[in-house]
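A.B. asks: Coordinates in model12.txt, compact mmCIF, C-alpha atoms, are listed below.
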```txt
# COMPACT_ATOMS: atom_id res chain seq x y z
CA MET A 11 227.03 79.88 5.55
CA SER A 12 228.57 82.85 3.78
CA ALA A 13 228.50 86.38 5.14
CA ASP A 14 226.29 87.47 2.22
CA PHE A 15 223.79 84.74 3.04
CA GLU A 16 223.72 85.68 6.73
CA ARG A 17 223.25 89.33 5.83
CA ALA A 18 220.38 88.56 3.47
CA LEU A 19 218.70 86.31 6.06
CA THR A 20 219.07 88.98 8.75
CA GLN A 21 217.45 91.52 6.44
CA GLU A 22 214.49 89.21 5.83
CA VAL A 23 214.06 88.53 9.57
CA LEU A 24 214.08 92.25 10.33
CA ARG A 25 211.48 92.86 7.62
CA THR A 26 209.17 90.24 9.14
CA GLU A 27 209.74 91.87 12.53
CA LEU A 28 208.51 95.16 11.06
CA VAL A 29 205.42 93.35 9.75
CA ARG A 30 204.78 91.96 13.25
CA VAL A 31 205.12 95.38 14.89
CA LYS A 32 202.78 96.98 12.34
CA ALA A 33 200.23 94.21 12.95
CA LEU A 34 200.37 94.83 16.72
CA ILE A 35 199.95 98.59 16.26
CA ALA A 36 197.03 98.09 13.87
CA THR A 37 195.36 95.53 16.16
CA THR A 38 195.74 97.70 19.25
CA SER A 39 194.43 100.78 17.43
CA LEU A 40 191.44 98.81 16.17
CA LEU A 41 190.66 97.50 19.67
CA THR A 42 190.91 101.03 21.05
CA ALA A 43 188.46 102.31 18.44
CA ILE A 44 186.05 99.43 19.13
CA LEU A 45 186.17 99.97 22.90
CA TRP A 46 185.52 103.70 22.53
CA THR A 47 182.65 103.05 20.10
CA VAL A 48 181.00 100.54 22.42
CA TYR A 49 181.53 102.82 25.40
CA ILE A 50 179.84 105.72 23.59
CA LEU A 51 177.00 103.80 21.90
CA ALA A 52 176.18 101.22 24.58
CA PRO A 53 177.32 102.54 27.98
CA ASP A 54 174.74 100.42 29.83
CA ALA A 55 176.21 97.20 28.47
CA VAL A 56 179.72 98.31 29.38
CA ASN A 57 178.66 99.32 32.87
CA HIS A 58 176.95 95.98 33.32
CA ILE A 59 180.13 94.07 32.47
CA TRP A 60 182.41 96.37 34.45
CA ARG A 61 179.90 96.83 37.27
CA GLY A 62 179.97 100.56 36.69
CA HIS A 63 183.73 100.89 37.25
CA LEU A 64 184.99 101.46 33.68
CA ARG A 65 186.92 104.68 33.28
CA PRO A 66 188.21 106.04 29.95
CA ALA A 67 191.56 106.53 31.63
CA TYR A 68 191.97 102.75 31.64
CA LEU A 69 192.32 102.82 27.87
CA TYR A 70 195.02 105.48 28.03
CA VAL A 71 196.87 103.68 30.80
CA ILE A 72 197.15 100.42 28.83
CA LEU A 73 196.71 100.89 25.09
CA VAL A 74 198.31 104.28 24.39
CA PRO A 75 201.63 103.50 26.14
CA PHE A 76 201.69 100.17 24.33
CA ILE A 77 201.26 101.84 20.93
CA LEU A 78 204.03 104.31 21.78
CA PHE A 79 206.29 101.42 22.77
CA GLU A 80 205.63 99.60 19.50
CA LEU A 81 206.35 102.76 17.52
CA TRP A 82 209.70 102.95 19.31
CA VAL A 83 210.38 99.29 18.48
CA HIS A 84 209.49 99.97 14.83
CA GLU A 85 211.96 102.86 14.72
CA VAL A 86 214.73 100.74 16.29
CA VAL A 87 214.21 97.84 13.87
CA SER A 88 214.06 100.20 10.88
CA ARG A 89 217.33 101.82 11.94
CA HIS A 90 219.06 98.45 12.27
CA LEU A 91 217.67 97.44 8.88
CA LYS A 92 219.15 100.54 7.23
CA LEU A 93 222.49 99.95 8.99
CA ASP A 94 222.43 96.28 7.88
CA ARG A 95 222.77 95.11 11.48
CA ASP A 96 220.78 92.67 13.57
CA VAL A 97 218.89 93.73 16.71
CA PRO A 98 220.68 92.53 19.89
CA VAL A 99 219.20 89.38 21.41
CA ILE A 100 218.66 90.93 24.83
CA ARG A 101 216.59 93.71 23.25
CA ARG A 102 214.41 91.17 21.47
CA TYR A 103 213.64 89.35 24.74
CA PHE A 104 213.03 92.63 26.55
CA GLY A 105 210.54 93.65 23.85
CA ALA A 106 208.76 90.28 24.09
CA LEU A 107 208.51 90.65 27.88
CA VAL A 108 207.06 94.16 27.71
CA GLU A 109 204.57 93.28 24.98
CA THR A 110 203.30 90.12 26.64
CA THR A 111 202.88 91.92 29.97
CA MET A 112 200.31 94.33 28.49
CA PRO A 113 197.39 91.85 28.76
CA THR A 114 198.49 91.13 32.33
CA VAL A 115 198.13 94.81 33.27
CA ALA A 116 194.71 94.85 31.62
CA LEU A 117 193.78 91.68 33.49
CA ALA A 118 194.75 93.30 36.81
CA LEU A 119 192.36 96.18 36.13
CA HIS A 120 189.63 93.73 35.20
CA ILE A 121 190.10 91.71 38.39
CA GLU A 122 189.95 94.88 40.49
CA ASN A 123 186.61 95.84 38.97
CA MET A 124 184.98 92.53 38.03
CA GLY A 125 186.38 90.03 40.44
CA SER A 126 188.83 87.28 39.57
CA VAL A 127 186.34 84.66 38.36
CA GLN A 128 184.55 86.94 35.91
CA ALA A 129 187.75 88.68 34.75
CA LEU A 130 189.59 85.41 34.10
CA GLY A 131 186.64 84.20 32.04
CA PHE A 132 186.43 87.45 30.07
CA VAL A 133 188.30 88.34 26.88
CA VAL A 134 191.63 89.56 28.26
CA PRO A 135 193.29 86.14 28.74
CA LEU A 136 192.56 85.47 25.08
CA ALA A 137 194.67 88.52 24.14
CA TYR A 138 197.80 86.51 24.97
CA PHE A 139 197.17 84.49 21.81
CA ILE A 140 197.53 87.64 19.67
CA PHE A 141 201.13 87.99 20.83
CA ILE A 142 201.85 84.28 20.54
CA ILE A 143 200.50 84.07 16.98
CA LEU A 144 202.39 87.16 15.82
CA SER A 145 205.57 85.90 17.50
CA THR A 146 205.92 83.44 14.62
CA LEU A 147 207.02 86.43 12.50
CA ARG A 148 210.11 86.72 14.68
CA LEU A 149 211.28 83.45 13.03
CA ASP A 150 212.87 82.45 16.33
CA PHE A 151 211.81 79.30 18.20
CA TRP A 152 213.08 80.44 21.59
CA LEU A 153 211.52 83.90 21.36
CA SER A 154 208.10 82.41 20.60
CA THR A 155 208.53 79.88 23.39
CA PHE A 156 209.59 82.69 25.73
CA THR A 157 206.45 84.64 24.75
CA GLY A 158 204.30 81.62 25.52
CA PHE A 159 206.10 81.05 28.83
CA VAL A 160 205.68 84.67 29.95
CA ALA A 161 201.98 84.61 29.03
CA ALA A 162 201.41 81.30 30.81
CA ALA A 163 203.34 82.31 33.94
CA GLU A 164 201.69 85.71 34.26
CA LEU A 165 198.20 84.32 33.70
CA PHE A 166 198.79 81.61 36.29
CA GLY A 167 200.22 84.13 38.75
CA MET A 168 197.30 86.51 38.33
CA ALA A 169 194.78 83.70 38.79
CA MET A 170 196.44 82.31 41.90
CA PHE A 171 197.75 85.32 43.79
CA TYR A 172 196.10 88.53 42.60
CA HIS A 173 192.68 89.47 43.99
CA PRO A 174 190.83 92.71 44.66
CA ALA A 175 190.86 94.12 48.18
CA VAL A 176 187.30 92.92 48.76
CA ASN A 177 186.94 89.53 47.12
CA THR A 178 183.85 87.38 47.25
CA ASP A 179 185.09 84.87 44.68
CA PRO A 180 185.86 81.30 45.76
CA ALA A 181 189.45 80.17 46.28
CA PRO A 182 191.25 79.53 42.97
CA ASP A 183 191.70 75.94 41.75
CA ILE A 184 195.41 75.40 41.11
CA TRP A 185 194.92 72.52 38.65
CA TYR A 186 192.25 74.35 36.69
CA HIS A 187 194.45 77.40 36.13
CA ALA A 188 197.58 75.30 35.60
CA ALA A 189 195.84 73.48 32.73
CA ARG A 190 194.86 76.82 31.12
CA SER A 191 198.40 78.13 31.42
CA LEU A 192 199.84 74.90 30.05
CA ILE A 193 197.78 75.27 26.87
CA ILE A 194 199.14 78.79 26.41
CA LEU A 195 202.70 77.54 26.88
CA ILE A 196 202.15 74.77 24.32
CA CYS A 197 200.80 77.36 21.87
CA GLY A 198 204.01 79.35 22.33
CA ILE A 199 206.11 76.27 21.58
CA LEU A 200 204.04 75.48 18.49
CA ALA A 201 204.33 79.08 17.31
CA GLY A 202 208.11 78.75 17.70
CA ALA A 203 208.07 75.59 15.58
CA VAL A 204 206.13 77.41 12.86
CA GLY A 205 208.63 80.28 13.02
CA VAL A 206 211.53 77.87 12.61
CA GLN A 207 209.88 76.34 9.55
CA LEU A 208 209.33 79.80 8.06
CA ARG A 209 212.97 80.66 8.74
CA ARG A 210 214.11 77.49 6.98
CA GLN A 211 211.97 78.36 3.97
CA PHE A 212 213.46 81.87 3.93
CA ALA A 213 216.94 80.36 4.10
CA ALA A 214 216.19 77.90 1.29
CA SER A 215 214.80 80.69 -0.91
CA ILE A 216 217.81 82.91 -0.27
CA GLN A 217 220.22 80.04 -0.95
CA ALA A 218 218.45 79.23 -4.22
CA ALA A 219 218.48 82.88 -5.29
CA THR A 220 222.14 83.24 -4.31
CA ALA A 221 223.10 80.10 -6.23
CA ARG A 222 221.16 81.28 -9.28
CA ASP A 223 222.84 84.70 -9.17
CA ARG A 224 226.25 83.06 -8.82
CA VAL A 225 225.63 80.84 -11.84
CA THR A 226 224.23 83.73 -13.87
CA ASN A 227 227.15 86.02 -13.02
CA LEU A 228 229.79 83.38 -13.66
CA PHE A 229 228.21 81.88 -16.78
CA GLY A 230 227.23 85.32 -18.05
CA GLN A 231 230.90 86.25 -18.35
CA HIS A 232 231.34 83.53 -20.98
CA VAL A 233 228.06 83.66 -22.86
CA SER A 234 225.30 86.21 -23.14
CA PRO A 235 223.12 86.71 -20.03
CA GLN A 236 220.08 86.12 -22.24
CA VAL A 237 221.39 82.64 -23.09
CA VAL A 238 221.99 81.99 -19.38
CA GLU A 239 218.38 82.92 -18.61
CA ARG A 240 217.10 80.63 -21.36
CA LEU A 241 219.16 77.70 -20.08
CA LEU A 242 218.11 78.28 -16.47
CA VAL A 243 214.43 78.42 -17.44
CA GLU A 244 214.30 75.73 -20.11
CA GLY A 245 217.29 73.51 -19.31
CA ALA A 246 220.28 72.47 -21.36
CA SER A 247 218.21 70.15 -23.56
CA THR A 248 216.42 73.05 -25.26
CA ALA A 249 215.40 71.87 -28.73
CA SER A 250 216.64 73.73 -31.81
CA ASP A 251 214.12 75.87 -33.65
CA ILE A 252 213.84 77.99 -36.76
CA ARG A 253 214.17 81.74 -36.18
CA ARG A 254 214.42 84.84 -38.32
CA VAL A 255 217.40 86.67 -36.94
CA ALA A 256 219.84 89.41 -37.81
CA VAL A 257 223.42 88.13 -37.72
CA MET A 258 226.19 90.63 -37.15
CA PHE A 259 229.92 90.00 -37.66
CA VAL A 260 232.30 92.59 -36.18
CA ASP A 261 236.01 92.56 -37.03
CA PHE A 262 238.95 94.87 -36.43
CA ARG A 263 240.74 95.32 -39.77
CA SER A 264 244.48 94.54 -39.94
CA PHE A 265 244.51 93.94 -36.21
CA THR A 266 246.82 90.91 -36.35
CA ALA A 267 249.56 92.79 -38.18
CA ALA A 268 249.39 95.73 -35.74
CA ALA A 269 249.44 93.37 -32.75
CA ARG A 270 252.82 91.87 -33.73
CA SER A 271 254.66 95.02 -32.63
CA ARG A 272 252.93 95.21 -29.25
CA SER A 273 253.10 93.18 -26.05
CA PRO A 274 250.40 90.56 -25.36
CA GLN A 275 249.10 92.64 -22.43
CA ASP A 276 248.74 95.72 -24.63
CA VAL A 277 246.82 93.65 -27.17
CA VAL A 278 244.45 92.26 -24.52
CA ASP A 279 243.89 95.68 -22.93
CA ARG A 280 243.10 97.26 -26.30
CA LEU A 281 240.64 94.52 -27.20
CA ASP A 282 238.97 94.58 -23.78
CA GLY A 283 238.51 98.34 -23.93
CA ALA A 284 236.99 98.26 -27.40
CA PHE A 285 234.82 95.22 -26.74
CA ALA A 286 233.45 96.78 -23.54
CA VAL A 287 232.07 99.74 -25.50
CA LEU A 288 230.72 97.66 -28.38
CA VAL A 289 229.03 95.05 -26.17
CA GLU A 290 227.36 97.79 -24.13
CA ILE A 291 225.91 99.17 -27.36
CA LEU A 292 224.69 95.68 -28.31
CA ASP A 293 222.94 95.28 -24.96
CA ARG A 294 221.19 98.59 -25.40
CA HIS A 295 219.79 97.54 -28.78
CA GLY A 296 218.73 94.05 -27.71
CA GLY A 297 221.60 92.10 -29.29
CA ILE A 298 223.77 89.41 -27.73
CA VAL A 299 227.34 88.34 -28.31
CA ASN A 300 227.16 84.74 -29.42
CA LYS A 301 230.92 84.19 -29.48
CA PHE A 302 234.16 86.15 -29.55
CA LEU A 303 236.39 85.34 -32.52
CA GLY A 304 239.83 86.65 -31.64
CA ASP A 305 239.74 90.28 -32.78
CA GLY A 306 236.02 90.17 -33.58
CA PHE A 307 232.73 88.63 -32.53
CA LEU A 308 229.47 87.20 -33.78
CA ALA A 309 226.34 88.94 -32.50
CA LEU A 310 222.67 87.97 -32.81
CA PHE A 311 219.44 89.94 -32.86
CA GLY A 312 216.25 87.88 -32.48
CA ALA A 313 217.75 84.88 -30.68
CA PRO A 314 217.42 83.27 -28.20
CA PHE A 315 214.36 85.50 -27.73
CA GLU A 316 212.31 86.71 -30.67
CA ALA A 317 212.56 90.36 -31.69
CA PRO A 318 210.17 91.58 -34.44
CA GLU A 319 212.45 94.51 -35.33
CA ALA A 320 215.71 92.52 -35.23
CA ALA A 321 217.09 93.95 -38.50
CA HIS A 322 216.35 97.54 -37.48
CA HIS A 323 218.02 97.01 -34.09
CA ALA A 324 221.09 95.50 -35.77
CA VAL A 325 221.54 98.43 -38.17
CA ALA A 326 221.00 100.98 -35.39
CA ALA A 327 223.58 99.21 -33.22
CA ALA A 328 226.09 99.10 -36.10
CA ARG A 329 225.74 102.84 -36.80
CA GLU A 330 226.27 103.61 -33.12
CA MET A 331 229.33 101.33 -33.04
CA LEU A 332 230.94 103.27 -35.89
CA VAL A 333 230.43 106.56 -34.05
CA ALA A 334 231.74 105.07 -30.81
CA MET A 335 234.90 103.70 -32.49
CA ASP A 336 235.65 107.11 -33.98
CA ARG A 337 235.39 108.61 -30.52
CA ILE A 338 237.64 105.92 -28.99
CA ASN A 339 240.27 106.28 -31.73
CA ARG A 340 240.60 110.01 -31.13
CA ALA A 341 241.64 109.29 -27.52
CA SER A 342 243.92 106.30 -28.29
CA SER A 343 247.44 105.88 -29.61
CA TRP A 344 246.32 102.68 -31.35
CA PRO A 345 243.38 103.49 -33.63
CA LEU A 346 241.31 100.55 -34.83
CA ARG A 347 239.40 100.21 -38.09
CA ILE A 348 236.17 98.34 -37.57
CA GLY A 349 234.29 96.29 -40.15
CA ILE A 350 230.67 95.28 -39.60
CA GLY A 351 228.68 92.83 -41.69
CA ILE A 352 224.93 92.26 -41.16
CA HIS A 353 222.65 89.70 -42.74
CA PHE A 354 219.04 88.80 -42.05
CA GLY A 355 217.30 85.48 -42.59
CA GLU A 356 216.19 82.13 -41.21
CA VAL A 357 218.61 80.07 -39.13
CA VAL A 358 218.51 77.04 -36.88
CA ALA A 359 219.06 78.28 -33.32
CA GLY A 360 219.70 76.04 -30.34
CA ASN A 361 222.19 74.15 -28.22
CA ILE A 362 224.62 72.34 -30.48
CA GLY A 363 227.53 70.09 -29.51
CA SER A 364 228.32 66.85 -27.73
CA PRO A 365 226.29 65.43 -24.81
CA ARG A 366 228.95 66.74 -22.39
CA ARG A 367 229.59 70.14 -23.93
CA LYS A 368 227.08 72.29 -25.81
CA GLU A 369 227.03 75.80 -27.18
CA TYR A 370 224.05 77.97 -28.00
CA THR A 371 224.58 79.17 -31.56
CA VAL A 372 222.95 79.60 -34.96
CA ILE A 373 223.47 77.56 -38.10
CA GLY A 374 222.37 78.50 -41.61
CA ASP A 375 223.14 80.43 -44.78
CA PRO A 376 222.79 83.91 -43.20
```
Would you write the structure of this file as structure tokens?

C.D. replies:
Amino acid sequence: MSADFERALTQEVLRTELVRVKALIATTSLLTAILWTVYILAPDAVNHIWRGHLRPAYLYVILVPFILFELWVHEVVSRHLKLDRDVPVIRRYFGALVETTMPTVALALHIENMGSVQALGFVVPLAYFIFIILSTLRLDFWLSTFTGFVAAAELFGMAMFYHPAVNTDPAPDIWYHAARSLIILICGILAGAVGVQLRRQFAASIQAATARDRVTNLFGQHVSPQVVERLLVEGASTASDIRRVAVMFVDFRSFTAAARSRSPQDVVDRLDGAFAVLVEILDRHGGIVNKFLGDGFLALFGAPFEAPEAAHHAVAAAREMLVAMDRINRASSWPLRIGIGIHFGEVVAGNIGSPRRKEYTVIGDP
């Protein structure tokens, strides 16, 4: 894969990482608001669940530091995105470890106040799935799997080995908690598989866009970019159609005679300099160069795309070309006299030629 492709893919991965971080910050902030609302409006229900041991400080101990950490991660990723660099792998795994440990800290507080059986059956173990689901936006199979592994291992460890000082709960069942942790690990693996598929789709989209740009840039040097767009959209078998167009012929008068006394490179340089100015004027007025004819060219207004004011655009472009050539001649040792002919009428426009080689052009009396 080319360096440009890798750079574009890295940029897309970092952008999805920013989306993931913003989703975590928004989710955590929402949970904090909900917990505070419930604590204020229904303190009896909260005290019943927490057995009277809930303290507002618990929210600050867990959620506020987590939000601050995610804001730091967002700043780091944004900086790497601006510098067009990827985030180091070790930092990604460290971030996944810190994030996934947050529900474990919350679970420890729950076990201390509720007991292990009630805490493990409460909502906190389900919070691991928030991190596993959002890990798909990392577009990295191993990072999602690592997230699932950390969640499964920490949940299993808390269930088996962590208990409050005074514990009346029965002894933990190793197979029961192992099965729960296994499901979480499998979810991490599946999230990684989804992330890989998303990454492949990103890569395919970037490759298609890169190939299209390469074709457009290369082909657009030989024919008008508007013709390239028409061919890319409609295909090379575009049928001919009748159009009312303005046809412009541009020619440098007595150019051949003046070119005999100059080197071929001087001739090419003079033509390139003049054509660059004239074509830029054409583009500004909606015209296209259909073909270069030695020391002149054929330009079209109203094809391949319709333009209701094609004649007006052609005349305006011609007047500007005359002014531009006067300006160029004053700064050149080889002044050029330009002739411009414009006609308006119906033509047959389309791809004309052999099955192997076609050219988009116009045919008709104009």

A.B. asks: Which is closest to Ser145 of chain A among A:Met170, A:Leu130, A:Val115, A:Leu28, if we use only C-alpha atoms?

C.D. replies: A:Leu28

A.B. asks: List as a list in words: which residues have an atom within 12 Å of (222.5, 73.3, -36.6), counting all atoms listed in the file?

C.D. replies: Ala249, Ser250, Asp251, Ile252, Arg253, Glu356, Val357, Val358, Ala359, Gly360, Asn361, Ile362, Gly363, Lys368, Glu369, Tyr370, Thr371, Val372, Ile373, Gly374 and Asp375 of chain A

A.B. asks: How would the residues just chosen look if you wrote them out with C-alpha atoms as a PDB file, keeping the file's coordinate frame?

C.D. replies:
```
ATOM      1  CA  ALA A 249     215.400  71.870 -28.730  1.00  0.00           C
ATOM      2  CA  SER A 250     216.640  73.730 -31.810  1.00  0.00           C
ATOM      3  CA  ASP A 251     214.120  75.870 -33.650  1.00  0.00           C
ATOM      4  CA  ILE A 252     213.840  77.990 -36.760  1.00  0.00           C
ATOM      5  CA  ARG A 253     214.170  81.740 -36.180  1.00  0.00           C
ATOM      6  CA  GLU A 356     216.190  82.130 -41.210  1.00  0.00           C
ATOM      7  CA  VAL A 357     218.610  80.070 -39.130  1.00  0.00           C
ATOM      8  CA  VAL A 358     218.510  77.040 -36.880  1.00  0.00           C
ATOM      9  CA  ALA A 359     219.060  78.280 -33.320  1.00  0.00           C
ATOM     10  CA  GLY A 360     219.700  76.040 -30.340  1.00  0.00           C
ATOM     11  CA  ASN A 361     222.190  74.150 -28.220  1.00  0.00           C
ATOM     12  CA  ILE A 362     224.620  72.340 -30.480  1.00  0.00           C
ATOM     13  CA  GLY A 363     227.530  70.090 -29.510  1.00  0.00           C
ATOM     14  CA  LYS A 368     227.080  72.290 -25.810  1.00  0.00           C
ATOM     15  CA  GLU A 369     227.030  75.800 -27.180  1.00  0.00           C
ATOM     16  CA  TYR A 370     224.050  77.970 -28.000  1.00  0.00           C
ATOM     17  CA  THR A 371     224.580  79.170 -31.560  1.00  0.00           C
ATOM     18  CA  VAL A 372     222.950  79.600 -34.960  1.00  0.00           C
ATOM     19  CA  ILE A 373     223.470  77.560 -38.100  1.00  0.00           C
ATOM     20  CA  GLY A 374     222.370  78.500 -41.610  1.00  0.00           C
ATOM     21  CA  ASP A 375     223.140  80.430 -44.780  1.00  0.00           C
TER      22      ASP A 375
END
```

A.B. asks: Counting all atoms listed in the file, what is within 7 Å of Thr38 of chain A, bar same-chain residues fewer than 4 positions away, as a list in words?

C.D. replies: Leu34, Thr42 and Leu73 of chain A

A.B. asks: Just to be explicit: take each residue in the selection above, keep C-alpha atoms, and write the result as an mmCIF file, in the coordinates of the input.

C.D. replies:
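What ended up in result_10.cif:
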```
data_model
loop_
_atom_site.group_PDB
_atom_site.id
_atom_site.type_symbol
_atom_site.label_atom_id
_atom_site.label_comp_id
_atom_site.auth_asym_id
_atom_site.auth_seq_id
_atom_site.Cartn_x
_atom_site.Cartn_y
_atom_site.Cartn_z
ATOM 1 C CA LEU A 34 200.370 94.830 16.720
ATOM 2 C CA THR A 42 190.910 101.030 21.050
ATOM 3 C CA LEU A 73 196.710 100.890 25.090
#
```

A.B. asks: What lies within 12 Å of Ile77 of chain A using all atoms listed in the file, ignoring chain neighbours under 5 positions off, as an MDAnalysis selection string?

C.D. replies: chainID A and resid 31:42 69:72 82:84 108:109 112

A.B. asks: Go through A:Met168, A:Leu281, A:Val48, A:Val133 one by one, measure the shortest atom-to-atom distance of each to Leu303 of chain A using only C-alpha atoms, and give the residue with the smallest value.

C.D. replies: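 Counting only C-alpha atoms, the residue closest to Leu303 of chain A is A:Leu281.
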
A.B. asks: Find, counting only C-alpha atoms, the residue in A:Lys301, A:Arg254, A:His173, A:Arg272 that gets nearest to Glu316 of chain A.

C.D. replies: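 Looking only at the distances to Glu316 of chain A, the closest residue turns out to be A:Arg254.
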
A.B. asks: Calculated over all atoms listed in the file, which of the candidates A:Pro174, A:Pro345, A:Pro75, A:Gly312 has the smallest distance to Ala269 of chain A?

C.D. replies: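 Checking each of A:Pro174, A:Pro345, A:Pro75, A:Gly312 against Ala269 of chain A, counting all atoms listed in the file, the winner is A:Pro345.
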
A.B. asks: Just want the 9 Å neighbourhood of segment 139-144 of chain A, counted on only C-alpha atoms, with same-chain residues fewer than 5 positions away dropped. Output as a list of chain:residue names.

C.D. replies: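 Here the answer would be A:Arg30, A:Val31, A:Ala33, A:Leu34, A:Thr37, A:Ala106, A:Glu109, A:Thr110, A:Ser154, A:Thr155, A:Thr157, A:Gly158, A:Ala161, A:Ile194, A:Cys197, A:Gly198, A:Ala201, A:Gly202.
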
A.B. asks: Return the single residue from A:Gln217, A:Gln207, A:Gln128, A:Ser88 that is closest to Glu16 of chain A, with distances computed using all atoms listed in the file.

C.D. replies: A:Gln217

A.B. asks: Write out as a compact mmCIF listing (two decimals) with C-alpha atoms, in the coordinates of the input each polymer residue whose atoms come within 7 Å of Val299 of chain A, counting only C-alpha atoms; drop sequence neighbours fewer than 3 positions from it.

C.D. replies:
```txt
# COMPACT_ATOMS: atom_id res chain seq x y z
CA SER A 234 225.30 86.21 -23.14
CA PHE A 307 232.73 88.63 -32.53
CA LEU A 308 229.47 87.20 -33.78
CA ALA A 309 226.34 88.94 -32.50
CA LEU A 310 222.67 87.97 -32.81
```

A.B. asks: To one decimal in Å, tell me the separation between atom CA of Ala116 of chain A and atom CA of Leu136 of chain A.

C.D. replies: 11.6 Å
